[in-house]
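Text of run-v9.txt (compact mmCIF, C-alpha atoms) as supplied:
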```
# COMPACT_ATOMS: atom_id res chain seq x y z
CA MET A 1 38.93 -2.27 36.12
CA HIS A 2 37.22 0.33 33.95
CA GLY A 3 33.81 -1.24 33.78
CA GLY A 4 34.68 -4.78 34.66
CA LYS A 5 31.81 -7.11 33.80
CA SER A 6 29.69 -4.30 32.36
CA THR A 7 28.03 -5.08 29.02
CA GLY A 8 27.88 -1.44 28.02
CA ALA A 9 25.08 1.05 27.65
CA PRO A 10 21.53 -0.25 27.15
CA THR A 11 20.27 -0.45 23.55
CA GLY A 12 17.13 1.04 22.06
CA LYS A 13 14.78 3.28 23.98
CA ALA A 14 16.39 2.32 27.28
CA ASN A 15 19.46 4.33 26.28
CA GLY A 16 19.26 7.97 27.31
CA ASN A 17 20.73 9.08 23.99
CA TYR A 18 18.02 7.33 21.88
CA LYS A 19 16.18 9.78 19.59
CA HIS A 20 14.14 8.23 16.78
CA GLY A 21 15.24 4.70 15.86
CA ARG A 22 16.09 5.36 12.20
CA ARG A 23 19.66 4.22 12.68
CA THR A 24 19.11 1.13 14.78
CA ILE A 25 20.71 -2.12 13.65
CA GLU A 26 17.30 -3.50 12.76
CA ARG A 27 16.33 -0.50 10.61
CA ILE A 28 19.68 -0.50 8.82
CA GLU A 29 19.24 -4.21 8.05
CA GLU A 30 15.66 -3.59 6.83
CA ARG A 31 16.93 -0.91 4.45
CA ARG A 32 19.65 -3.22 3.14
CA GLU A 33 17.09 -5.97 2.50
CA PHE A 34 14.72 -3.51 0.82
CA LYS A 35 17.50 -2.19 -1.44
CA ALA A 36 18.43 -5.77 -2.35
CA LEU A 37 14.80 -6.48 -3.26
CA ILE A 38 14.68 -3.38 -5.46
CA ARG A 39 17.94 -4.39 -7.19
CA ASP A 40 16.54 -7.87 -7.84
CA ALA A 41 13.26 -6.44 -9.15
CA ARG A 42 15.15 -4.16 -11.56
CA ARG A 43 17.31 -7.04 -12.76
CA ILE A 44 14.28 -9.29 -13.29
CA THR A 45 12.40 -6.50 -15.10
CA LYS A 46 15.38 -5.96 -17.39
CA GLN A 47 15.52 -9.70 -18.13
CA ASN A 48 11.79 -9.86 -18.78
CA ASN A 49 11.96 -6.90 -21.13
CA GLY A 50 14.64 -8.76 -23.09
CA TYR A 51 12.49 -11.89 -23.21
CA PHE A 52 9.49 -9.85 -24.33
CA ARG A 53 11.52 -8.19 -27.12
CA GLN A 54 12.65 -11.63 -28.26
CA PHE A 55 9.05 -12.88 -28.06
CA LYS A 56 7.89 -10.02 -30.29
CA LYS A 57 10.74 -10.67 -32.73
CA ASP A 58 9.88 -14.38 -32.91
CA ALA A 59 6.24 -13.53 -33.55
CA ARG A 60 7.30 -11.16 -36.32
CA ASP A 61 9.52 -13.88 -37.82
CA LEU A 62 6.54 -16.23 -37.83
CA GLY A 63 4.48 -13.56 -39.53
CA ILE A 64 1.84 -13.18 -36.82
CA LYS A 65 0.81 -10.50 -34.41
CA TRP A 66 2.46 -10.96 -31.06
CA GLN A 67 -0.90 -10.48 -29.29
CA LYS A 68 -2.28 -13.59 -31.01
CA LEU A 69 0.82 -15.56 -30.09
CA TRP A 70 0.52 -14.30 -26.51
CA ASP A 71 -3.13 -15.36 -26.32
CA LEU A 72 -2.12 -18.84 -27.46
CA CYS A 73 0.64 -18.92 -24.83
CA ILE A 74 -1.70 -18.22 -21.95
CA GLU A 75 -4.40 -20.70 -22.96
CA ASP A 76 -5.00 -23.39 -20.37
CA ASP A 77 -4.41 -26.39 -22.63
CA GLY A 78 -0.83 -27.25 -21.76
CA GLY A 79 0.50 -25.41 -24.81
CA ALA A 80 -1.16 -27.68 -27.38
CA ALA A 81 -2.82 -24.83 -29.30
CA LEU A 82 0.42 -22.84 -29.38
CA VAL A 83 2.50 -25.77 -30.64
CA GLU A 84 -0.10 -26.60 -33.29
CA PHE A 85 -0.32 -23.00 -34.46
CA ILE A 86 3.47 -22.57 -34.66
CA ALA A 87 3.89 -25.88 -36.49
CA LYS A 88 1.31 -24.80 -39.10
CA ARG A 89 2.99 -21.41 -39.44
CA ILE A 90 6.43 -22.97 -39.91
CA GLN A 91 5.06 -25.36 -42.54
CA LYS A 92 3.53 -22.39 -44.36
CA ILE A 93 6.85 -20.50 -44.27
CA GLN A 94 8.78 -23.55 -45.49
CA SER A 95 6.36 -24.15 -48.36
CA LYS A 96 6.74 -20.51 -49.43
CA GLN A 97 10.54 -20.85 -49.32
CA GLN A 98 10.40 -24.05 -51.38
CA LYS A 99 8.17 -22.38 -53.99
CA THR A 100 10.57 -19.44 -54.32
CA ALA A 101 13.57 -21.82 -54.51
CA HIS A 102 11.99 -23.79 -57.39
CA GLN A 103 11.22 -20.67 -59.41
```
Can you give me the file's structure in the form of structure tokens?
Amino acid sequence: MHGGKSTGAPTGKANGNYKHGRRTIERIEERREFKALIRDARRITKQNNGYFRQFKKDARDLGIKWQKLWDLCIEDDGGAALVEFIAKRIQKIQSKQQKTAHQ
């Protein structure tokens, strides 16, 4: 019956043809997972770079250094200092625009 109930050759080191283990099912799966993690990290980095560019642009539009805006963002006050600072800055910009519109 050409093997009958045989399950085939043993896997892993029990197989006489086993050499190093770099091509085992487990190692191939590990490499796939690792490559997927790298792809995700690159995608997230690209997204974050876009967010950071937008953050710098918004800071420039508000007329402040992005480092100051960043420091306000990471304060541990629930964002109150940041909101207050941006509100004051927007009021200042609007008052300047109103002055130039009246002239």
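Atom CA of Asp40 of chain A to atom CA of Thr24 of chain A spans 24.5 Å [interatomic distance, one decimal].
Atom CA of Thr45 of chain A is found 22.8 Å from atom CA of Lys68 of chain A.
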> Quick one: residues within 12 Å of Asp58 of chain A, all atoms listed in the file counted, chain neighbours fewer than 5 positions away excluded, as number ranges by chain?
Replying inline: A: 51-53, 63-66, 69-70, 86, 89-90
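Taking atom CA of Leu72 of chain A and atom CA of Lys88 of chain A as endpoints, the distance between them is 13.5 Å.
With all atoms listed in the file as the basis for measurement, A:Thr11 is the residue among A:Asn48, A:Gln94, A:Thr11, A:Gln67 that approaches Glu26 of chain A most closely.
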Output as JSON the centre and edge lengths (Å, one decimal) of the box along x, y and z of the file that holds every listed atom of segment 19-28 of chain A after adding 3 Å on each side.
```
{"center_x": 17.4, "center_y": 3.1, "center_z": 14.2, "size_x": 12.6, "size_y": 19.3, "size_z": 16.8}
```
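Proximity to Ala87 of chain A was assessed for A:Glu75, A:Thr100, A:Leu62, A:Arg42 counting all atoms listed in the file; the smallest distance is recorded for A:Leu62.
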